[in-house]
Amino acid sequence: MSKQTKLQTKKITSANASASTSQREILLAEDLQQCQTQAPEDVEALILKVSESFGATMEEKLSKFSETLDKISTTLDDHSMRITAAEQRVSDVEDEVTGLGKRLAEAEKKIVSLVNCVDDLENRSRRDNIRIINLKEGTEGTNPIQFFETWLPSVLGLDKRPSAVTRIKMDRAHRSLGSLQGARPRPVIIKLHNSRDKQRIMAAVKAAPVLEHDGERITINQDLSSAVREKRRAFNAVCRVLIDKGIRFNMRFPCHTHPDAPRRHAQVFLSERSRGFRPGFGLRT
């Protein structure tokens, strides 16, 4: 649309508005003139009629407005009741959670205590067991008990000691459960019949510098629970340093290292360790 057309449209609209205003003014003037020509009684009647009409209209409007306010008030009351009920439920849940938190803490303490008791019982049940590490699979043949009753005294040198009981009685001997993992053989677990045989074996292991079978180095340890073995693995780096230093040590139950070296050797080791591990065994401490 061009500017000229817009201007013409505005002029026409203004002209129509002016005409409408003039028409209302003319009608108002006519009404006033009619009121002036009418009798006073007719004017009062007209005013009364207008007043009643206006009052009825206002009453109708106010009635609708009042109904709307009543609905809003009812809705607010309903929302207030719901909010109060929700706050009460939240408060009840918080009270229950507080009680459950205390009960959960107590249950955790009991669980820790029970786990420790179970681990202690498991280690006690393994007290007469030994574990042979890195023995080739199939070495024991089809009769493990018969094989290890003769093999253990031979490899530990117990059969060469004079006036010593060479036979070691066993209740069970088997590989640890689980499938083979690569070329690494599964450990052998042996349940000894007598506790004294366990002491003789561990003493012989401690006295022997190296144990070998078919050119492979083997290790004989006491059988412990998986939890204790996991804790002892944390000492592998320290044990490796002690072995490289030529310091003999033993691991006391459950997981405490105790060097067998003289005090001066231990002091030298600690002073060197304070300056840092050898390359390849860890960072400075």
# chains A, B, ... in the order shown; residues from 1 in each chain; ligands from 1
>>> residues_around(residues="Asn123 of chain A", least_positions_apart="2", cutoff="6 Å", atoms="only C-alpha atoms", output="list of chain:residue names")
A:Asp120, A:Leu121, A:Ser125, A:Arg126, A:Leu224, A:Ser225
>>> select_by_dssp(residues="segment 162-216 of chain A", states="helix (DSSP H, G or I)", output="PyMOL selection string")
chain A and resi 195-207
>>> write_last_selection(atoms="N, CA, C and O atoms", output="PDB file, in the first residue's frame")
ATOM      1  N   SER A 195      48.712 -80.733  63.265  1.00  0.00           N
ATOM      2  CA  SER A 195      49.235 -79.367  63.309  1.00  0.00           C
ATOM      3  C   SER A 195      50.754 -79.355  63.368  1.00  0.00           C
ATOM      4  O   SER A 195      51.396 -78.424  62.871  1.00  0.00           O
ATOM      5  N   ARG A 196      51.348 -80.402  63.998  1.00  0.00           N
ATOM      6  CA  ARG A 196      52.817 -80.441  64.097  1.00  0.00           C
ATOM      7  C   ARG A 196      53.444 -80.561  62.711  1.00  0.00           C
ATOM      8  O   ARG A 196      54.537 -80.010  62.474  1.00  0.00           O
ATOM      9  N   ASP A 197      52.802 -81.290  61.817  1.00  0.00           N
ATOM     10  CA  ASP A 197      53.334 -81.388  60.457  1.00  0.00           C
ATOM     11  C   ASP A 197      53.344 -80.013  59.789  1.00  0.00           C
ATOM     12  O   ASP A 197      54.280 -79.689  59.045  1.00  0.00           O
ATOM     13  N   LYS A 198      52.332 -79.205  60.056  1.00  0.00           N
ATOM     14  CA  LYS A 198      52.302 -77.837  59.501  1.00  0.00           C
ATOM     15  C   LYS A 198      53.493 -77.037  60.033  1.00  0.00           C
ATOM     16  O   LYS A 198      54.160 -76.315  59.269  1.00  0.00           O
ATOM     17  N   GLN A 199      53.793 -77.162  61.328  1.00  0.00           N
ATOM     18  CA  GLN A 199      54.919 -76.425  61.901  1.00  0.00           C
ATOM     19  C   GLN A 199      56.244 -76.909  61.320  1.00  0.00           C
ATOM     20  O   GLN A 199      57.139 -76.097  61.022  1.00  0.00           O
ATOM     21  N   ARG A 200      56.387 -78.219  61.133  1.00  0.00           N
ATOM     22  CA  ARG A 200      57.617 -78.759  60.556  1.00  0.00           C
ATOM     23  C   ARG A 200      57.807 -78.255  59.123  1.00  0.00           C
ATOM     24  O   ARG A 200      58.917 -77.878  58.731  1.00  0.00           O
ATOM     25  N   ILE A 201      56.725 -78.243  58.354  1.00  0.00           N
ATOM     26  CA  ILE A 201      56.823 -77.804  56.960  1.00  0.00           C
ATOM     27  C   ILE A 201      57.197 -76.330  56.882  1.00  0.00           C
ATOM     28  O   ILE A 201      58.100 -75.945  56.114  1.00  0.00           O
ATOM     29  N   MET A 202      56.548 -75.474  57.656  1.00  0.00           N
ATOM     30  CA  MET A 202      56.830 -74.045  57.597  1.00  0.00           C
ATOM     31  C   MET A 202      58.239 -73.747  58.102  1.00  0.00           C
ATOM     32  O   MET A 202      58.907 -72.837  57.583  1.00  0.00           O
ATOM     33  N   ALA A 203      58.724 -74.497  59.095  1.00  0.00           N
ATOM     34  CA  ALA A 203      60.103 -74.313  59.559  1.00  0.00           C
ATOM     35  C   ALA A 203      61.096 -74.713  58.475  1.00  0.00           C
ATOM     36  O   ALA A 203      62.117 -74.038  58.265  1.00  0.00           O
ATOM     37  N   ALA A 204      60.801 -75.797  57.773  1.00  0.00           N
ATOM     38  CA  ALA A 204      61.697 -76.225  56.698  1.00  0.00           C
ATOM     39  C   ALA A 204      61.672 -75.231  55.539  1.00  0.00           C
ATOM     40  O   ALA A 204      62.717 -74.964  54.918  1.00  0.00           O
ATOM     41  N   VAL A 205      60.507 -74.672  55.235  1.00  0.00           N
ATOM     42  CA  VAL A 205      60.416 -73.663  54.178  1.00  0.00           C
ATOM     43  C   VAL A 205      61.234 -72.436  54.542  1.00  0.00           C
ATOM     44  O   VAL A 205      61.926 -71.844  53.702  1.00  0.00           O
ATOM     45  N   LYS A 206      61.180 -72.022  55.800  1.00  0.00           N
ATOM     46  CA  LYS A 206      61.933 -70.856  56.248  1.00  0.00           C
ATOM     47  C   LYS A 206      63.436 -71.106  56.191  1.00  0.00           C
ATOM     48  O   LYS A 206      64.228 -70.198  55.878  1.00  0.00           O
ATOM     49  N   ALA A 207      63.843 -72.340  56.465  1.00  0.00           N
ATOM     50  CA  ALA A 207      65.279 -72.665  56.457  1.00  0.00           C
ATOM     51  C   ALA A 207      65.814 -72.835  55.042  1.00  0.00           C
ATOM     52  O   ALA A 207      66.995 -72.570  54.780  1.00  0.00           O
TER      53      ALA A 207
END
>>> atom_distance(atom1="atom CA of Leu177 of chain A", atom2="atom CA of Gly215 of chain A")
25.3 Å
>>> select_by_dssp(residues="segment 34-195 of chain A", states="strand (DSSP E)", output="PyMOL selection string")
chain A and resi 129-133+170-175+188-192
>>> closest_residue(among="A:Asp214, A:Asp77, A:Glu52, A:Asp223", to="Glu137 of chain A", atoms="only C-alpha atoms")
A:Asp214
>>> closest_residue(among="A:Ile133, A:Ile168, A:Met58, A:Ala183", to="Ile218 of chain A", atoms="only C-alpha atoms")
A:Ile133
>>> atom_distance(atom1="atom CA of Gly246 of chain A", atom2="atom CA of Glu216 of chain A")
21.0 Å
>>> closest_residue(among="A:Glu108, A:His174, A:Val155, A:Arg124", to="Gly141 of chain A", atoms="only C-alpha atoms")
A:His174
>>> atom_distance(atom1="atom CA of Gly157 of chain A", atom2="atom CA of Ala208 of chain A")
8.9 Å
>>> residues_around(residues="Glu212 of chain A", least_positions_apart="5", cutoff="10 Å", atoms="only C-alpha atoms", output="number ranges by chain")
A: 134-135, 155-156, 217-219
